[in-house]
Protein chains: 12
Amino acid sequence: MTQSAAKPIYVLNGPNLNLLGEREPEIYGRATLADIEAACRARAQSHGFHIVFRQTNVEGELIGWLHEARSAGCAVVLNAAGWTHTSVALHDAVKAIAIPVIETHLSNPGAREPFRHVSYVSMAAKGVIAGFGAQSYLLAIDAAAACAAPSS
Amino acid sequence: MTQSAAKPIYVLNGPNLNLLGEREPEIYGRATLADIEAACRARAQSHGFHIVFRQTNVEGELIGWLHEARSAGCAVVLNAAGWTHTSVALHDAVKAIAIPVIETHLSNPGAREPFRHVSYVSMAAKGVIAGFGAQSYLLAIDAAAACAAPSS
Amino acid sequence: MTQSAAKPIYVLNGPNLNLLGEREPEIYGRATLADIEAACRARAQSHGFHIVFRQTNVEGELIGWLHEARSAGCAVVLNAAGWTHTSVALHDAVKAIAIPVIETHLSNPGAREPFRHVSYVSMAAKGVIAGFGAQSYLLAIDAAAACAAPSS
Amino acid sequence: MTQSAAKPIYVLNGPNLNLLGEREPEIYGRATLADIEAACRARAQSHGFHIVFRQTNVEGELIGWLHEARSAGCAVVLNAAGWTHTSVALHDAVKAIAIPVIETHLSNPGAREPFRHVSYVSMAAKGVIAGFGAQSYLLAIDAAAACAAPSS
Amino acid sequence: MTQSAAKPIYVLNGPNLNLLGEREPEIYGRATLADIEAACRARAQSHGFHIVFRQTNVEGELIGWLHEARSAGCAVVLNAAGWTHTSVALHDAVKAIAIPVIETHLSNPGAREPFRHVSYVSMAAKGVIAGFGAQSYLLAIDAAAACAAPSS
Amino acid sequence: MTQSAAKPIYVLNGPNLNLLGEREPEIYGRATLADIEAACRARAQSHGFHIVFRQTNVEGELIGWLHEARSAGCAVVLNAAGWTHTSVALHDAVKAIAIPVIETHLSNPGAREPFRHVSYVSMAAKGVIAGFGAQSYLLAIDAAAACAAPSS
Amino acid sequence: MTQSAAKPIYVLNGPNLNLLGEREPEIYGRATLADIEAACRARAQSHGFHIVFRQTNVEGELIGWLHEARSAGCAVVLNAAGWTHTSVALHDAVKAIAIPVIETHLSNPGAREPFRHVSYVSMAAKGVIAGFGAQSYLLAIDAAAACAAPSS
Amino acid sequence: MTQSAAKPIYVLNGPNLNLLGEREPEIYGRATLADIEAACRARAQSHGFHIVFRQTNVEGELIGWLHEARSAGCAVVLNAAGWTHTSVALHDAVKAIAIPVIETHLSNPGAREPFRHVSYVSMAAKGVIAGFGAQSYLLAIDAAAACAAPSS
Amino acid sequence: MTQSAAKPIYVLNGPNLNLLGEREPEIYGRATLADIEAACRARAQSHGFHIVFRQTNVEGELIGWLHEARSAGCAVVLNAAGWTHTSVALHDAVKAIAIPVIETHLSNPGAREPFRHVSYVSMAAKGVIAGFGAQSYLLAIDAAAACAAPSS
Amino acid sequence: MTQSAAKPIYVLNGPNLNLLGEREPEIYGRATLADIEAACRARAQSHGFHIVFRQTNVEGELIGWLHEARSAGCAVVLNAAGWTHTSVALHDAVKAIAIPVIETHLSNPGAREPFRHVSYVSMAAKGVIAGFGAQSYLLAIDAAAACAAPSS
Amino acid sequence: MTQSAAKPIYVLNGPNLNLLGEREPEIYGRATLADIEAACRARAQSHGFHIVFRQTNVEGELIGWLHEARSAGCAVVLNAAGWTHTSVALHDAVKAIAIPVIETHLSNPGAREPFRHVSYVSMAAKGVIAGFGAQSYLLAIDAAAACAAPSS
Amino acid sequence: MTQSAAKPIYVLNGPNLNLLGEREPEIYGRATLADIEAACRARAQSHGFHIVFRQTNVEGELIGWLHEARSAGCAVVLNAAGWTHTSVALHDAVKAIAIPVIETHLSNPGAREPFRHVSYVSMAAKGVIAGFGAQSYLLAIDAAAACAAPSS
């Protein structure tokens with residue numbers, strides 16, 4: 001399956017995810033963000049895709065990357081972390097994108113505090129995958145690959 | 001990967017899903033439940049698992065199947081449809097199960113009516129996959145297989 | 001007016017309605033469900049329709065009958081009783097039906113306890129008739145007949 | 001059935017209904033208020049009743065008509081339109097009347113915006129008929145006739 | 001105490017109060033509005049005041065009278081009935097008046113339905129007297145007289 | 001009017017009212033509680049009644065006095081101050097009393113903070129007088145006298 | 001005390017209670033439902049009563065048993081489990097029964113998740129016993145026996 | 001720019017606005033309604049439009065004017081004052097109009113009491129201009145002129 | 001069964017319960033608190049326990065008794081009456097106690113006014129018994145004895 | 001009108017507005033941000049003002065520009081896009097500015113999703129102009145010019 | 001710094017605080033109230049102040065002490081414990097005091113159960129210090145000293 | 001007390017605080033942020049600590065500093081200003097830090113607008129100090145020093 005000329009899948013990470021592996025491991029697991037990036041790259045490869053993998057604590061930067069992905073990418077795997085529940089700006093950015101955006105979470109927000117039960121990303125996204133730790137990303141890569149290349 | 005002696009994955013479907021392919025296709029897609037069953041079986045096979053695939057419009061029957069899966073199954077893929085948002089009894093049944101339960105939806109409830117934004121299943125489940133049409137089931141099978149056989 | 005070859009009107013009744021005539025007569029009146037069935041049959045006859053008249057305390061059975069009515073009936077008169085206010089599954093079943101569904105109640109839910117002020121059936125039904133005791137059913141039959149045979 | 005000496009049924013219409021047939025026909029249908037009046041008169045006739053048919057955009061006028069109907073009428077068919085959802089004064093006027101008041105709507109308020117889900121009229125009325133377009137009025141006339149002359 | 005040259009106290013009554021004595025006497029008592037007017041006139045007289053006593057079912061008329069009272073009256077006794085709980089316009093009219101406005105009710109709204117627990121009049125009024133039947137008006141006249149003539 | 005052998009009117013005052021005249025005079029006025037007691041005594045006298053006048057900061061003491069008034073008094077003027085809005089125990093004590101209880105306030109709670117808009121006393125009291133400063137008590141004495149001696 | 005000719009006490013159990021002893025023992029204890037049945041039978045015997053003891057995961061079946069108990073039983077001990085908090089249909093069934101219904105729970109719902117703080121059963125039941133594990137049932141049998149045979 | 005043969009802009013004012021300049025000038029400014037009318041007329045003139053300028057305290061009258069404007073006007077500048085926040089009837093009238101309706105306020109409701117944060121007019125209007133005192137009207141005239149004559 | 005050397009069971013009663021037998025007998029029954037004390041003492045005796053039985057209208061006194069029971073008692077039967085629904089201080093006192101506290105009510109709060117549906121005691125108690133009149137206390141004594149002496 | 005030495009009007013744009021013309025044109029129109037900038041510049045010119053026109057996806061940058069405008073500008077036209085509904089920080093920045101800030105939107109947030117009905121900007125702004133597409137900016141420039149140069 | 005002739009700082013403690021050191025030490029720490037008193041005394045001394053240190057479980061007693069402190073003290077450190085969230089009476093007592101009142105808590109109520117998120121004390125206090133265990137008191141003494149002697 | 005080799009206390013300031021002294025001085029006081037920094041430095045010095053003092057208007061920068069402080073600091077004094085009430089991302093950053101974080105405010109949010117009554121920082125912080133103007137910072141330094149060096 002050689003589709004490597006295709007546009008890449010963007011894997012975009014929001015605030016505090018740079019601490020992964022150190023912060024509240026009983027909730028978020030022990031894999032670091034670098035571990036997850038490597039696993040995502042391998043999984044995407046197996047579907048014939050490249051990835052662009054980034055993290056930021058600045059909301060505006062994430063919005064900019066979503067704008068970039070509009071034309072440069074074929075799909076987005078988006079873990080917006082805390083902004084998921086508060087950012088209408090992010091919601092608007094996702095709404096502005098025609099390619100599929102897959103909402104992704106390490107933990108299951110629906111099983112945590114009430115203020116994590118609202119998702120502005122969900123209201124605009126193609127689908128959601130949450131609760132499988134680092135593996136949530138891999139399933140999301142699968143989903144993104146399938147959405148981006150339905151006929152392959 | 002020959003794990004076929006392992007316990008099966010239960011794929012359990014709630015009310016109205018027997019109408020799949022006929023009912024509101026612009027929301028739920030055109031695949032029938034039989035199409036989905038066949039695809040799930042093939043996907044599970046590729047991970048070395050069998051599946052038990054069932055649908056019911058009677059809440060008590062679904063609760064009974066969850067009880068059965070406690071000892072007879074290795075994981076559950078659960079699309080509880082309308083009960084997702086109203087049934088504390090189902091919530092208790094999921095809570096009573098030690099094996100992983102994967103909440104699954106064809107559409108993305110978070111992007112639909114407000115009364116679909118509460119999920120009693122989510123509060124007790126391992127994780128959620130939603131919004132990818134028939135493919136949500138395949139990703140859920142992948143997740144279930146990974147949870148059930150982490151060391152494989 | 002000889003339309004007796006037409007598909008029947010389904011008159012479907014939810015939980016506790018089998019007790020009609022015995023239970024809280026100051027709210028629900030003294031007619032039994034059998035009395036109502038007879039009156040409905042006569043009224044439908046006068047419009048040239050047959051009826052299918054059923055009652056159940058099992059939600060899944062009612063959902064099944066709604067599915068059956070999709071192809072076998074021309075309209076549904078639905079008194080979902082207590083489920084009216086709690087069942088998203090029922091809402092989805094009504095949504096899945098192209099023929100008109102007339103929500104019917106003996107008493108006027110809007111004039112009773114607050115938890116009867118929300119109706120998941122109403123959000124999907126063609127119309128509502130409530131508060132006229134046994135006569136609510138006859139008016140609903142009239143409405144169903146008119147909806148089902150607008151050109152007659 | 002010659003009851004023409006009986007008191008008339010009042011058919012009272014609230015704000016904006018004078019625009020019927022022109023305003024949002026996809027919701028309210030194409031019949032004008034004059035069409036509805038004629039159909040109501042004929043239907044009432046068939047039950048041996050006269051009608052008094054009026055429309056106003058002034059809440060106080062409608063309250064006055066309800067006071068008048070207390071002694072001069074035998075029943076009221078009331079489409080209070082937008083006031084249904086906001087007027088406690090109207091609620092009090094309906095409460096003050098011993099003859100049956102039938103709440104009537106062209107569309108089904110329960111299937112529209114949330115602010116139409118509360119009905120102050122419903123909390124005081126005998127019953128509700130809603131969602132059948134112009135035919136809602138005819139069914140309401142039937143119900144009013146039956147309430148007003150139960151032994152006929 | 002001869003203050004009869006002073007400006008009158010306005011006693012203004014809202015919707016349905018013309019029915020007093022006939023409507024729900026177990027809540028509102030058996031005195032008619034004319035009885036109350038006579039009693040108010042006598043009581044005001046004893047304080048050296050005239051009164052202007054009116055009733056209307058048209059909100060705009062009541063607003064107009066409040067505007068009139070601004071310059072022509074020395075105080076207002078206001079029983080806004082059902083509008084008490086719904087009219088921001090009335091609230092604004094009371095806010096626009098410098099002379100004291102005494103909110104008055106025959107029954108005690110705080111002990112009735114929840115939708116009578118909010119009072120837009122109360123948020124702008126000088127004080128409240130409620131629950132003493134016709135005598136509420138007399139106590140309100142006393143209060144109005146005391147407010148209007150603090151030094152007498 | 002010599003009714004002095006009659007049972008007394010209890011005038012009971014809740015927390016912080018001992019500070020009257022010193023505390024927030026722009027809200028509560030400059031009269032002290034002793035001033036009010038004297039004025040109440042005189043007013044009651046003019047109706048042929050004695051009074052029992054007390055104040056406490058201890059809720060249980062006020063409850064005890066209400067119990068005492070059940071048999072020893074003919075009516076109660078009750079300014080429960082802050083407890084008005086929080087004490088179900090006080091509500092129950094008022095409910096337990098057959099003689100009329102008149103809820104009284106110096107200021108108008110309905111025009112103050114939202115947490116003063118709920119009154120547990122009001123739900124059980126005969127009536128309310130509020131917003132006239134020290135004069136609220138005198139009007140309440142008038143009301144109590146009228147309730148206690150309707151035929152005098 | 002030989003009352004064995006009397007009608008039996010119905011002990012009715014809702015969803016998931018068949019798992020008792022296995023499911024979340026830290027909340028529900030280690031006694032199985034069979035253990036509880038035996039203990040109930042013995043306790044009832046000591047009061048001179050027989051029992052009918054059943055469990056179901058199907059709401060409609062429980063409603064049917066409540067209907068049966070109306071004429072065949074002298075009291076009901078009802079542990080509706082998850083339906084307690086969601087079923088208006090069950091509420092209506094309890095309302096329809098003249099014999100005393102005792103709401104019973106192993107754990108104390110008031111000390112658990114907020115969605116367990118509403119009880120539709122409680123709004124219609126005679127009384128509640130909750131929080132004593134298996135012993136809740138025995139206390140409920142005592143209460144049922146006392147209600148059913150007050151003069152014994 | 002001579003468009004004076006065009007249909008006029010309706011400038012419609014709701015309750016209490018006749019008091020402008022006298023009532024709460026710190027909120028609403030010192031300009032009278034006549035001042036505003038003159039300024040509006042001049043501003044409209046500069047765009048080549050006539051205006052119809054009216055005020056009423058009777059809701060039904062305002063509804064009638066909106067109906068009139070449907071065919072006789074080219075746009076509406078609507079300051080519904082207190083009804084903005086409470087009138088569904090007004091909302092329906094605005095909905096029934098095809099020409100643009102510009103919601104206008106002297107003050108900024110979003111910066112005032114919570115009950116002014118809901119606008120039934122806004123849900124149906126073309127746009128909103130608020131917070132500039134008398135100048136809000138002039139900006140609204142500009143907006144109305146632009147909407148009505150986009151190609152001029 | 002001679003356990004009389006054991007620590008006593010505290011039976012603690014909150015506000016207004018001293019009026020028992022006189023106050024609202026249709027809700028609370030005709031037994032006096034002295035009757036209940038005697039019955040409790042006998043019932044405890046039959047389990048080999050002494051009791052300490054007290055009532056107070058002063059919240060602080062009840063808190064003090066709960067502190068005393070911490071070391072001097074083996075269990076608490078607590079009817080906090082009106083404070084049940086309002087006192088966080090009481091909640092904290094119950095939380096501070098290691099011995100079992102049994103919440104007890106004569107009537108069934110869940111079937112009364114909404115403000116009795118919240119229980120701060122319930123959130124911290126071992127269990128609840130409510131709705132059986134004076135017998136609620138005897139069942140609570142049984143429960144307390146069983147909790148305090150599980151192995152006897 | 002030569003006021004070109006005056007301080008400029010700041011036109012500040014929030015997140016996603018750089019996509020204007022491409023993103024959801026049925027809501028936001030087809031004009032690009034550069035088109036709007038040119039039109040604003042011309043309109044300001046006609047009033048004798050310069051403008052500073054900027055866009056950012058970083059909230060902190062927008063806050064900084066508002067601080068800069070405090071002393072360097074004469075007024076602000078602010079389209080905060082998605083932050084409008086979520087940013088208290090922005091609210092505080094607007095509050096901190098003495099020069100007039102005009103809230104501006106292309107669409108009418110009040111007529112869109114509920115989460116766009118709250119505006120933190122509105123609570124602190126001078127006024128609002130919304131719903132006129134690109135022309136909203138021009139009206140806002142007019143308003144800003146009028147506010148900044150009232151005597152010109 | 002010799003200010004010992006100054007008025008003392010009142011340190012007032014509410015319900016259950018006498019159990020400090022024994023009750024829920026994981027939340028409230030292991031220091032006893034006597035330990036805290038000693039530490040406070042020393043800290044106050046270092047600022048040149050005496051203290052009055054008291055605890056009560058009776059709300060009325062605490063209110064009385066606040067009244068006493070009005071004239072006898074220079075500042076109040078107030079830990080109202082459970083009453084913080086429920087007592088409007090206490091709120092009024094704090095409002096009645098001109099000297100600064102510092103709300104103090106051992107734990108951080110904002111991080112605990114929702115019913116601890118409302119503070120009636122906070123609405124009237126000068127400031128809040130919470131979450132530092134016993135040290136909260138010392139910081140509060142500092143704050144009180146600074147408030148009471150700003151120029152020292 | 002020479003502890004200067006210890007890790008510093010981070011004093012981190014959120015949006016708009018750079019304007020301190022100029023912006024709304026009636027709420028925030030006249031001290032500039034530089035004044036506060038100097039005072040903090042002196043106060044920390046007196047405890048043997050250095051400080052790192054920073055301000056930003058960019059949320060991501062503040063999150064980054066909190067991450068830095070995790071290993072480089074011994075405590076954090078955090079005035080998150082407007083983000084306090086809206087940022088779940090900040091909440092997560094505070095949660096991720098083991099060293100104590102002290103929420104600090106110049107004014108008392110609990111006494112201001114409702115949208116300042118929710119604090120996401122508070123839900124994760126060690127404690128809160130609010131309402132003492134610039135001195136809030138000094139008290140927070142004291143608290144931080146005490147937390148960081150409990151045994152000194």
# chains A, B, ... in the order shown; residues from 1 in each chain; ligands from 1
$ select_by_dssp --residues "chain A" --states "helix (DSSP H, G or I)" --output "VMD selection string"
chain A and resid 17 to 19 25 to 28 33 to 46 59 to 72 81 to 85 88 to 95 109 to 111 114 to 116 135 to 148
$ select_by_dssp --residues "segment 10-141 of chain H" --states "strand (DSSP E or B)" --output "PyMOL selection string"
chain H and resi 10-13+51-55+75-79+101-105+127-130
$ write_last_selection --atoms "C-alpha atoms" --output "PDB file, in the first residue's frame"
ATOM      1  CA  TYR H  10     -40.830  52.023  10.112  1.00  0.00           C
ATOM      2  CA  VAL H  11     -39.338  53.101  13.435  1.00  0.00           C
ATOM      3  CA  LEU H  12     -41.438  51.375  16.102  1.00  0.00           C
ATOM      4  CA  ASN H  13     -41.125  51.937  19.836  1.00  0.00           C
ATOM      5  CA  ILE H  51     -39.874  57.189   7.970  1.00  0.00           C
ATOM      6  CA  VAL H  52     -42.987  56.193   9.902  1.00  0.00           C
ATOM      7  CA  PHE H  53     -42.297  56.818  13.594  1.00  0.00           C
ATOM      8  CA  ARG H  54     -44.632  55.477  16.325  1.00  0.00           C
ATOM      9  CA  GLN H  55     -44.759  54.503  19.976  1.00  0.00           C
ATOM     10  CA  ALA H  75     -37.446  47.941   6.789  1.00  0.00           C
ATOM     11  CA  VAL H  76     -38.192  48.208  10.522  1.00  0.00           C
ATOM     12  CA  VAL H  77     -36.144  49.757  13.311  1.00  0.00           C
ATOM     13  CA  LEU H  78     -37.627  48.137  16.415  1.00  0.00           C
ATOM     14  CA  ASN H  79     -37.035  49.118  20.030  1.00  0.00           C
ATOM     15  CA  VAL H 101     -36.021  44.180  11.264  1.00  0.00           C
ATOM     16  CA  ILE H 102     -33.209  45.908  13.186  1.00  0.00           C
ATOM     17  CA  GLU H 103     -33.341  45.398  16.978  1.00  0.00           C
ATOM     18  CA  THR H 104     -32.357  48.657  18.667  1.00  0.00           C
ATOM     19  CA  HIS H 105     -31.713  49.684  22.275  1.00  0.00           C
ATOM     20  CA  GLY H 127     -29.257  42.488  13.445  1.00  0.00           C
ATOM     21  CA  VAL H 128     -28.806  44.398  16.711  1.00  0.00           C
ATOM     22  CA  ILE H 129     -27.528  47.873  17.599  1.00  0.00           C
ATOM     23  CA  ALA H 130     -27.388  48.730  21.256  1.00  0.00           C
TER      24      ALA H 130
END
$ closest_atom_pairs --of "chain K" --to "chain I" --cutoff "8 Å" --atoms "only C-alpha atoms" --output "JSON lines"
{"residue": "K:Pro15", "atom": "CA", "partner": "I:Ala89", "partner_atom": "CA", "distance": 6.1}
{"residue": "K:Asn16", "atom": "CA", "partner": "I:Ala93", "partner_atom": "CA", "distance": 6.2}
{"residue": "K:Arg23", "atom": "CA", "partner": "I:Ala96", "partner_atom": "CA", "distance": 5.2}
{"residue": "K:Glu24", "atom": "CA", "partner": "I:Ala96", "partner_atom": "CA", "distance": 6.6}
{"residue": "K:Thr56", "atom": "CA", "partner": "I:Gly60", "partner_atom": "CA", "distance": 7.7}
{"residue": "K:Asn57", "atom": "CA", "partner": "I:Gly60", "partner_atom": "CA", "distance": 4.3}
{"residue": "K:Val58", "atom": "CA", "partner": "I:Gly60", "partner_atom": "CA", "distance": 4.1}
{"residue": "K:Glu59", "atom": "CA", "partner": "I:Gly60", "partner_atom": "CA", "distance": 7.0}
{"residue": "K:Ala81", "atom": "CA", "partner": "I:Ala89", "partner_atom": "CA", "distance": 7.1}
{"residue": "K:Gly82", "atom": "CA", "partner": "I:Ala89", "partner_atom": "CA", "distance": 4.2}
{"residue": "K:Trp83", "atom": "CA", "partner": "I:Ala89", "partner_atom": "CA", "distance": 6.1}
{"residue": "K:His85", "atom": "CA", "partner": "I:Val88", "partner_atom": "CA", "distance": 7.3}
{"residue": "K:Thr86", "atom": "CA", "partner": "I:Ser87", "partner_atom": "CA", "distance": 7.0}
$ residues_around --residues "segment 141-150 of chain B" --least-positions-apart "5" --cutoff "8 Å" --atoms "only C-alpha atoms" --output "number ranges by chain"
A: 132, 135, 139; B: 9, 40, 43-44, 47, 49, 74-77, 99-102
